[in-house]
$ cat upload27.txt   # compact mmCIF, C-alpha atoms
# COMPACT_ATOMS: atom_id res chain seq x y z
CA MET K 219 -1.82 -20.68 -41.22
CA LEU K 220 -0.60 -21.80 -44.64
CA ARG K 221 -1.89 -25.34 -44.02
CA GLU K 222 -5.31 -24.06 -42.96
CA GLY K 223 -5.41 -21.69 -45.93
CA LEU K 224 -4.67 -24.52 -48.31
CA GLY K 225 -7.48 -26.45 -46.68
CA LEU K 226 -9.94 -23.93 -48.09
CA VAL K 227 -8.70 -24.68 -51.60
CA LEU K 228 -7.77 -28.35 -51.21
CA PRO K 229 -10.07 -29.87 -48.57
CA ALA K 230 -8.45 -32.56 -46.43
CA ASP K 231 -9.48 -36.17 -46.28
CA CYS K 232 -10.45 -37.80 -42.98
CA ALA K 233 -7.26 -38.84 -41.20
CA GLY K 234 -8.88 -42.11 -40.17
CA CYS K 235 -10.81 -43.46 -43.14
CA GLY K 236 -10.13 -41.04 -46.01
CA ALA K 237 -13.65 -39.64 -46.21
CA TRP K 238 -13.76 -36.47 -48.30
CA ASP K 239 -13.63 -32.92 -46.94
CA THR K 240 -13.36 -33.51 -43.20
CA ALA K 241 -10.39 -33.65 -40.85
CA VAL K 242 -11.84 -36.53 -38.83
CA CYS K 243 -15.28 -37.84 -39.72
CA ALA K 244 -17.88 -38.46 -37.03
CA ASP K 245 -17.38 -42.24 -37.10
CA CYS K 246 -13.60 -41.97 -36.70
CA ARG K 247 -13.92 -39.28 -34.05
CA ASP K 248 -16.16 -41.55 -32.01
CA LEU K 249 -13.46 -44.24 -32.04
CA LEU K 250 -11.66 -41.95 -29.56
CA SER K 251 -14.05 -42.63 -26.73
CA THR K 252 -14.82 -40.03 -24.08
CA VAL K 253 -15.21 -42.86 -21.54
CA PRO K 254 -11.63 -44.05 -20.88
CA VAL K 255 -11.13 -47.75 -20.18
CA ARG K 256 -8.46 -49.53 -18.14
CA SER K 257 -5.62 -50.76 -20.34
CA ASP K 258 -2.72 -51.47 -17.97
CA MET K 259 -3.33 -55.22 -17.88
CA ASP K 260 -2.43 -55.33 -21.58
CA ALA K 261 0.93 -53.59 -20.96
CA PRO K 262 3.35 -56.26 -19.68
CA VAL K 263 6.03 -53.98 -18.26
CA LEU K 264 3.56 -52.18 -16.01
CA GLY K 265 2.85 -55.45 -14.28
CA LEU K 266 6.30 -57.05 -13.98
CA PRO K 267 6.91 -58.92 -10.71
CA GLY K 268 9.14 -57.15 -8.22
CA ASP K 269 7.82 -53.62 -8.66
CA ALA K 270 7.03 -51.87 -5.41
CA GLY K 271 3.35 -51.08 -4.97
CA SER K 272 0.51 -51.89 -7.30
CA LEU K 273 0.22 -51.73 -11.07
CA LEU K 274 0.14 -48.19 -12.41
CA PRO K 275 -3.54 -47.69 -13.30
CA THR K 276 -3.65 -46.66 -16.95
CA TRP K 277 -6.61 -45.77 -19.12
CA SER K 278 -6.98 -45.26 -22.87
CA LEU K 279 -9.46 -43.59 -25.21
CA ALA K 280 -9.03 -46.05 -28.08
CA ASP K 281 -7.37 -49.21 -29.28
CA TYR K 282 -4.35 -48.47 -31.44
CA THR K 283 -5.73 -50.24 -34.48
CA GLY K 284 -7.54 -49.45 -37.73
CA ALA K 285 -8.90 -45.96 -38.30
CA ALA K 286 -8.14 -44.85 -34.74
CA ARG K 287 -4.46 -45.68 -35.32
CA HIS K 288 -4.48 -43.61 -38.53
CA VAL K 289 -5.94 -40.63 -36.65
CA VAL K 290 -3.31 -40.88 -33.91
CA LEU K 291 -0.50 -41.14 -36.44
CA ALA K 292 -1.78 -38.09 -38.33
CA TRP K 293 -1.86 -36.16 -35.06
CA LYS K 294 1.64 -37.29 -34.04
CA ARG K 295 3.50 -37.12 -37.35
CA THR K 296 1.95 -34.63 -39.74
CA GLY K 297 1.29 -31.61 -37.55
CA ARG K 298 -2.27 -31.29 -38.88
CA ALA K 299 -3.91 -28.69 -36.66
CA ASP K 300 -7.38 -29.83 -37.73
CA VAL K 301 -6.71 -33.37 -36.54
CA ALA K 302 -5.06 -32.13 -33.33
CA ARG K 303 -8.16 -30.15 -32.43
CA VAL K 304 -10.32 -33.27 -32.67
CA VAL K 305 -7.93 -35.49 -30.68
CA LEU K 306 -7.38 -32.93 -27.94
CA ASP K 307 -11.09 -32.15 -27.66
CA GLN K 308 -11.86 -35.84 -27.20
CA ALA K 309 -9.08 -36.08 -24.59
CA ARG K 310 -10.44 -33.08 -22.71
CA ARG K 311 -13.93 -34.56 -22.68
CA GLY K 312 -12.55 -37.95 -21.69
CA ALA K 313 -10.65 -36.43 -18.77
CA ARG K 314 -13.89 -35.00 -17.39
CA VAL K 315 -15.24 -38.55 -17.15
CA TRP K 316 -11.92 -40.04 -16.05
CA ALA K 317 -11.78 -37.76 -13.01
CA HIS K 318 -14.80 -39.58 -11.56
CA ASP K 319 -13.41 -43.10 -12.06
CA PRO K 320 -13.13 -44.74 -8.61
CA ASP K 321 -9.81 -46.34 -9.58
CA LEU K 322 -8.25 -42.90 -10.15
CA VAL K 323 -7.54 -41.79 -6.60
CA LEU K 324 -6.82 -38.08 -6.76
CA GLY K 325 -7.64 -37.69 -3.06
CA GLU K 326 -9.50 -35.08 -1.10
CA GLU K 327 -6.36 -33.34 0.09
CA GLU K 328 -5.31 -29.89 -1.01
CA ALA K 329 -2.30 -31.20 -2.89
CA GLU K 330 -1.79 -29.74 -6.34
CA VAL K 331 -2.66 -32.03 -9.26
CA LEU K 332 0.04 -32.08 -11.94
CA VAL K 333 -0.66 -33.51 -15.38
CA VAL K 334 2.76 -34.58 -16.62
CA PRO K 335 3.44 -35.62 -20.23
CA ALA K 336 5.85 -38.42 -21.05
CA PRO K 337 9.09 -36.85 -22.27
CA SER K 338 9.47 -36.12 -25.97
CA GLY K 339 12.68 -36.86 -27.81
CA LEU K 340 15.11 -34.10 -28.77
CA ARG K 341 14.19 -34.24 -32.47
CA ARG K 342 10.50 -33.76 -31.72
CA ARG K 343 11.30 -30.91 -29.33
CA LEU K 344 13.40 -29.14 -31.94
CA ARG K 345 10.52 -29.44 -34.41
CA GLY K 346 8.06 -28.08 -31.85
CA MET K 347 5.80 -31.14 -32.18
CA LEU K 348 5.16 -31.68 -28.48
CA VAL K 349 1.97 -33.66 -28.81
CA ALA K 350 2.21 -35.15 -25.31
CA ALA K 351 2.55 -31.67 -23.81
CA ASP K 352 -0.51 -30.52 -25.77
CA LEU K 353 -2.32 -33.60 -24.50
CA ALA K 354 -1.37 -32.71 -20.93
CA ASP K 355 -2.89 -29.25 -21.36
CA ALA K 356 -6.15 -30.75 -22.64
CA VAL K 357 -6.33 -33.32 -19.85
CA ALA K 358 -5.60 -30.69 -17.20
CA HIS K 359 -8.48 -28.59 -18.50
CA GLY K 360 -10.76 -31.62 -18.45
CA LEU K 361 -9.86 -32.57 -14.88
CA ALA K 362 -10.38 -28.99 -13.71
CA GLU K 363 -13.79 -28.86 -15.40
CA SER K 364 -14.93 -32.25 -14.11
CA GLY K 365 -16.32 -31.17 -10.78
CA ALA K 366 -14.60 -34.16 -9.16
CA LEU K 367 -12.08 -32.04 -7.26
CA ARG K 368 -12.57 -29.71 -4.35
CA PRO K 369 -13.30 -26.16 -5.57
CA GLY K 370 -10.12 -24.16 -5.76
CA ARG K 371 -7.80 -27.14 -5.94
CA THR K 372 -5.05 -26.40 -8.44
CA VAL K 373 -4.73 -28.50 -11.58
CA ARG K 374 -2.01 -27.67 -14.09
CA SER K 375 0.08 -29.33 -16.76
CA ALA K 376 3.80 -29.52 -16.13
CA ASP K 377 6.30 -30.62 -18.80
CA ILE K 378 8.97 -31.55 -16.25
CA LEU K 379 10.39 -34.81 -17.61
CA ARG K 380 13.28 -35.15 -20.04
CA ARG K 381 14.98 -38.09 -21.66
CA THR K 382 18.61 -38.45 -20.68
CA GLY K 383 19.54 -40.53 -23.72
CA GLY K 384 21.05 -43.22 -21.55
CA THR K 385 19.67 -46.53 -20.44
CA ASP K 386 17.59 -46.97 -17.33
CA HIS K 387 19.64 -49.30 -15.15
CA ALA K 388 17.62 -48.72 -12.01
CA ARG K 389 16.50 -52.34 -12.30
CA ARG K 390 18.39 -55.32 -13.64
CA GLY K 391 17.45 -58.82 -14.70
CA VAL K 392 16.57 -60.69 -17.86
CA ARG K 393 12.85 -60.15 -17.43
CA LEU K 394 13.42 -56.38 -17.38
CA SER K 395 15.36 -56.26 -20.63
CA THR K 396 12.48 -54.54 -22.44
CA ARG K 397 12.29 -51.84 -19.83
CA ASN K 398 16.03 -51.35 -19.67
CA ARG K 399 16.20 -50.52 -23.36
CA GLN K 400 14.11 -47.42 -22.65
CA PRO K 401 15.85 -44.04 -22.43
CA GLY K 402 16.56 -42.76 -18.95
CA VAL K 403 14.31 -40.06 -17.56
CA ARG K 404 15.13 -37.14 -15.28
CA VAL K 405 12.86 -34.76 -13.42
CA LEU K 406 13.53 -31.07 -14.01
CA ALA K 407 11.43 -29.57 -11.21
CA ASN K 408 10.49 -30.63 -7.71
CA PRO K 409 7.05 -32.34 -7.70
CA ALA K 410 7.21 -33.34 -4.02
CA GLY K 411 3.80 -33.38 -2.40
CA ALA K 412 1.87 -33.18 -5.67
CA VAL K 413 -0.58 -35.73 -7.01
CA VAL K 414 0.58 -36.61 -10.54
CA VAL K 415 -1.24 -38.09 -13.48
CA LEU K 416 0.83 -39.05 -16.50
CA VAL K 417 -0.25 -38.75 -20.13
CA ASP K 418 1.17 -40.14 -23.36
CA ASP K 419 0.05 -40.68 -26.92
CA VAL K 420 0.29 -44.48 -27.23
CA LEU K 421 0.68 -47.31 -24.71
CA THR K 422 2.59 -50.38 -25.89
CA THR K 423 4.61 -52.28 -23.27
CA GLY K 424 4.23 -49.57 -20.62
CA ALA K 425 8.01 -49.18 -20.20
CA THR K 426 8.00 -45.41 -20.69
CA LEU K 427 5.16 -44.79 -18.24
CA ALA K 428 6.72 -47.16 -15.69
CA THR K 429 10.03 -45.29 -15.82
CA CYS K 430 8.31 -41.90 -15.56
CA ALA K 431 6.19 -43.01 -12.62
CA ARG K 432 9.22 -44.40 -10.81
CA ARG K 433 11.23 -41.20 -11.24
CA LEU K 434 8.34 -38.99 -10.10
CA SER K 435 7.73 -41.20 -7.07
CA GLU K 436 11.41 -41.02 -6.17
CA ALA K 437 11.11 -37.22 -6.35
CA GLY K 438 8.30 -37.23 -3.79
CA ALA K 439 5.15 -37.12 -5.93
CA ARG K 440 2.20 -39.50 -5.63
CA VAL K 441 1.47 -40.91 -9.07
CA ALA K 442 -2.26 -41.65 -9.25
CA GLY K 443 -2.49 -43.05 -12.78
CA ALA K 444 -2.01 -42.43 -16.47
CA LEU K 445 -4.15 -41.63 -19.51
CA VAL K 446 -3.16 -42.36 -23.11
CA VAL K 447 -4.94 -41.64 -26.36
CA ALA K 448 -4.57 -45.19 -27.64
CA ALA K 449 -3.33 -48.54 -26.37
CA THR K 450 -2.02 -51.44 -28.42
CA PRO K 451 -4.33 -54.40 -27.79
CA PRO K 452 -2.84 -57.87 -27.34
CA PRO K 453 -3.20 -60.29 -30.26
CA GLY K 454 -6.59 -61.93 -30.42
CA ARG K 455 -8.44 -59.55 -28.13
CA ALA K 456 -11.50 -57.82 -29.53
CA SER K 457 -11.62 -54.04 -29.19
CA THR K 458 -12.91 -52.81 -25.83
CA HIS K 459 -13.82 -49.37 -27.20
$ encode --input "upload27.txt" --output "structure tokens"
Amino acid sequence: MLREGLGLVLPADCAGCGAWDTAVCADCRDLLSTVPVRSDMDAPVLGLPGDAGSLLPTWSLADYTGAARHVVLAWKRTGRADVARVVLDQARRGARVWAHDPDLVLGEEEAEVLVVPAPSGLRRRLRGMLVAADLADAVAHGLAESGALRPGRTVRSADILRRTGGTDHARRGVRLSTRNRQPGVRVLANPAGAVVVLVDDVLTTGATLATCARRLSEAGARVAGALVVAATPPPGRASTH
């Protein structure tokens, strides 16, 4: 409330480009596309040899560069409610489109759809800055509104993953060293029988999403895919958004 009150006296600059008197200008808002694109091929850990099953299909709304990166950082780090509203609205609208993507197989069955955020660290939880959980709420609303699911099928967000603080030693080998540096993940509630989609703020190597997907699959869920706000593009590739 104090931050929004101050905004009436001291208008905020655009989080992306610094334009005067707007949280996120129209040009920077449009960098967060409402037509998600596949990004998993740019995340090396998602595609490491030896994983059971196929690559985890992962989509993003933006490349994590330039003004879009500044917007995402403002959302993640500053707690600006005005920026959060823009990011979450774009995510909700993007999820409506994403639900119809043929590569996202949510199925025709009656299984509940759970939108599960990647686990936040303890420090972020203590500060109440659970941006991934907020993102999960927005994506769940978008999926439910999409018309892609059978009427009456349940869609809800479920913050059921926690970091254990240890190292994930489920897999060993030199080529998995990047993944093994990631914190371990545990599942708090039983997702067996549910169709799960994961969400996170930024995709880099894919190690976090890979670990989350593996743990949820071990607990009996079917992980259909993941959606992130922004993905780090590989060097030399032009933006796909």
$ closest_residue --input "upload27.txt" --among "K:Ala356, K:Thr382, K:Val349, K:Pro320" --to "Thr296 of chain K" --atoms "only C-alpha atoms"
K:Val349
$ closest_atom_pairs --input "upload27.txt" --of "segment 333-430 of chain K" --to "segment 247-261 of chain K" --cutoff "9 Å" --atoms "all atoms listed in the file" --output "Markdown table"
| residue | atom | partner | partner_atom | distance |
| --- | --- | --- | --- | --- |
| K:Leu421 | CA | K:Ala261 | CA | 7.3 |
| K:Thr422 | CA | K:Ala261 | CA | 6.1 |
| K:Thr423 | CA | K:Ala261 | CA | 4.5 |
| K:Gly424 | CA | K:Ala261 | CA | 5.2 |
| K:Ala425 | CA | K:Ala261 | CA | 8.4 |
$ write_last_selection --input "upload27.txt" --atoms "C-alpha atoms" --output "short mmCIF file (atom, residue, chain, number, x, y, z; two decimals), in the frame of the given file"
data_model
loop_
_atom_site.label_atom_id
_atom_site.label_comp_id
_atom_site.auth_asym_id
_atom_site.auth_seq_id
_atom_site.Cartn_x
_atom_site.Cartn_y
_atom_site.Cartn_z
CA LEU K 421 0.68 -47.31 -24.71
CA THR K 422 2.59 -50.38 -25.89
CA THR K 423 4.61 -52.28 -23.27
CA GLY K 424 4.23 -49.57 -20.62
CA ALA K 425 8.01 -49.18 -20.20
#
$ closest_residue --input "upload27.txt" --among "K:Val301, K:Glu327, K:Ala442, K:Leu274" --to "Pro369 of chain K" --atoms "only C-alpha atoms"
K:Glu327
$ closest_residue --input "upload27.txt" --among "K:Leu427, K:Val420, K:Ala444, K:Ala354" --to "Thr283 of chain K" --atoms "all atoms listed in the file"
K:Val420
$ closest_residue --input "upload27.txt" --among "K:Leu273, K:Val304, K:Ala449, K:Leu361" --to "Ala244 of chain K" --atoms "all atoms listed in the file"
K:Val304
$ closest_residue --input "upload27.txt" --among "K:His359, K:Arg342, K:Arg404, K:Arg303" --to "Val289 of chain K" --atoms "only C-alpha atoms"
K:Arg303
$ atom_distance --input "upload27.txt" --atom1 "atom CA of Val333 of chain K" --atom2 "atom CA of Cys246 of chain K"
26.3 Å
$ closest_residue --input "upload27.txt" --among "K:Ala285, K:Val373, K:Val263, K:Leu416" --to "Ala237 of chain K" --atoms "all atoms listed in the file"
K:Ala285
$ atom_distance --input "upload27.txt" --atom1 "atom CA of Gly438 of chain K" --atom2 "atom CA of Asp419 of chain K"
24.8 Å
$ decode --input "upload27.txt" --residues "segment 273-337 of chain K" --atoms "C-alpha atoms" --output "PDB file, in the first residue's frame"
ATOM      1  CA  LEU K 273      12.846 -34.189 -23.315  1.00  0.00           C
ATOM      2  CA  LEU K 274      10.638 -32.230 -20.931  1.00  0.00           C
ATOM      3  CA  PRO K 275       8.687 -29.926 -23.255  1.00  0.00           C
ATOM      4  CA  THR K 276       9.278 -26.383 -22.021  1.00  0.00           C
ATOM      5  CA  TRP K 277       7.911 -23.109 -23.324  1.00  0.00           C
ATOM      6  CA  SER K 278       8.800 -19.486 -22.587  1.00  0.00           C
ATOM      7  CA  LEU K 279       7.146 -16.095 -23.006  1.00  0.00           C
ATOM      8  CA  ALA K 280      10.362 -14.164 -23.663  1.00  0.00           C
ATOM      9  CA  ASP K 281      14.089 -14.348 -24.136  1.00  0.00           C
ATOM     10  CA  TYR K 282      15.950 -13.417 -20.968  1.00  0.00           C
ATOM     11  CA  THR K 283      17.757 -10.501 -22.553  1.00  0.00           C
ATOM     12  CA  GLY K 284      17.489  -6.722 -22.833  1.00  0.00           C
ATOM     13  CA  ALA K 285      14.354  -4.984 -21.606  1.00  0.00           C
ATOM     14  CA  ALA K 286      12.519  -8.265 -21.002  1.00  0.00           C
ATOM     15  CA  ARG K 287      15.287  -9.312 -18.600  1.00  0.00           C
ATOM     16  CA  HIS K 288      14.967  -6.002 -16.737  1.00  0.00           C
ATOM     17  CA  VAL K 289      11.210  -6.539 -16.356  1.00  0.00           C
ATOM     18  CA  VAL K 290      11.691 -10.064 -15.014  1.00  0.00           C
ATOM     19  CA  LEU K 291      14.348  -8.919 -12.559  1.00  0.00           C
ATOM     20  CA  ALA K 292      12.104  -6.116 -11.291  1.00  0.00           C
ATOM     21  CA  TRP K 293       9.316  -8.644 -10.766  1.00  0.00           C
ATOM     22  CA  LYS K 294      11.605 -11.128  -8.986  1.00  0.00           C
ATOM     23  CA  ARG K 295      13.733  -8.830  -6.848  1.00  0.00           C
ATOM     24  CA  THR K 296      11.968  -5.578  -6.045  1.00  0.00           C
ATOM     25  CA  GLY K 297       8.480  -6.694  -5.089  1.00  0.00           C
ATOM     26  CA  ARG K 298       6.905  -4.062  -7.349  1.00  0.00           C
ATOM     27  CA  ALA K 299       3.206  -4.913  -7.404  1.00  0.00           C
ATOM     28  CA  ASP K 300       2.680  -2.846 -10.558  1.00  0.00           C
ATOM     29  CA  VAL K 301       5.257  -4.887 -12.463  1.00  0.00           C
ATOM     30  CA  ALA K 302       3.921  -8.168 -11.037  1.00  0.00           C
ATOM     31  CA  ARG K 303       0.448  -7.384 -12.335  1.00  0.00           C
ATOM     32  CA  VAL K 304       1.784  -6.967 -15.872  1.00  0.00           C
ATOM     33  CA  VAL K 305       3.942 -10.122 -15.799  1.00  0.00           C
ATOM     34  CA  LEU K 306       1.204 -12.293 -14.308  1.00  0.00           C
ATOM     35  CA  ASP K 307      -1.426 -10.966 -16.702  1.00  0.00           C
ATOM     36  CA  GLN K 308       0.798 -11.825 -19.665  1.00  0.00           C
ATOM     37  CA  ALA K 309       1.406 -15.287 -18.174  1.00  0.00           C
ATOM     38  CA  ARG K 310      -2.310 -15.863 -17.707  1.00  0.00           C
ATOM     39  CA  ARG K 311      -3.022 -14.843 -21.291  1.00  0.00           C
ATOM     40  CA  GLY K 312      -0.112 -16.952 -22.526  1.00  0.00           C
ATOM     41  CA  ALA K 313      -1.422 -20.000 -20.675  1.00  0.00           C
ATOM     42  CA  ARG K 314      -4.734 -19.719 -22.519  1.00  0.00           C
ATOM     43  CA  VAL K 315      -2.836 -20.129 -25.794  1.00  0.00           C
ATOM     44  CA  TRP K 316      -0.405 -22.693 -24.398  1.00  0.00           C
ATOM     45  CA  ALA K 317      -3.251 -25.029 -23.442  1.00  0.00           C
ATOM     46  CA  HIS K 318      -4.010 -25.538 -27.146  1.00  0.00           C
ATOM     47  CA  ASP K 319      -0.416 -26.327 -28.174  1.00  0.00           C
ATOM     48  CA  PRO K 320      -0.378 -29.875 -29.616  1.00  0.00           C
ATOM     49  CA  ASP K 321       2.942 -30.600 -27.894  1.00  0.00           C
ATOM     50  CA  LEU K 322       1.375 -29.990 -24.469  1.00  0.00           C
ATOM     51  CA  VAL K 323      -0.485 -33.242 -23.907  1.00  0.00           C
ATOM     52  CA  LEU K 324      -2.872 -32.631 -21.028  1.00  0.00           C
ATOM     53  CA  GLY K 325      -5.032 -35.568 -22.098  1.00  0.00           C
ATOM     54  CA  GLU K 326      -8.745 -36.098 -22.266  1.00  0.00           C
ATOM     55  CA  GLU K 327      -8.900 -38.032 -19.020  1.00  0.00           C
ATOM     56  CA  GLU K 328     -10.543 -36.749 -15.871  1.00  0.00           C
ATOM     57  CA  ALA K 329      -7.243 -36.470 -14.041  1.00  0.00           C
ATOM     58  CA  GLU K 330      -6.737 -33.264 -12.099  1.00  0.00           C
ATOM     59  CA  VAL K 331      -4.309 -30.759 -13.639  1.00  0.00           C
ATOM     60  CA  LEU K 332      -1.820 -29.394 -11.112  1.00  0.00           C
ATOM     61  CA  VAL K 333       0.245 -26.310 -11.889  1.00  0.00           C
ATOM     62  CA  VAL K 334       3.325 -26.716  -9.710  1.00  0.00           C
ATOM     63  CA  PRO K 335       5.880 -23.935  -9.166  1.00  0.00           C
ATOM     64  CA  ALA K 336       9.571 -24.682  -8.910  1.00  0.00           C
ATOM     65  CA  PRO K 337      10.555 -24.510  -5.239  1.00  0.00           C
TER      66      PRO K 337
END
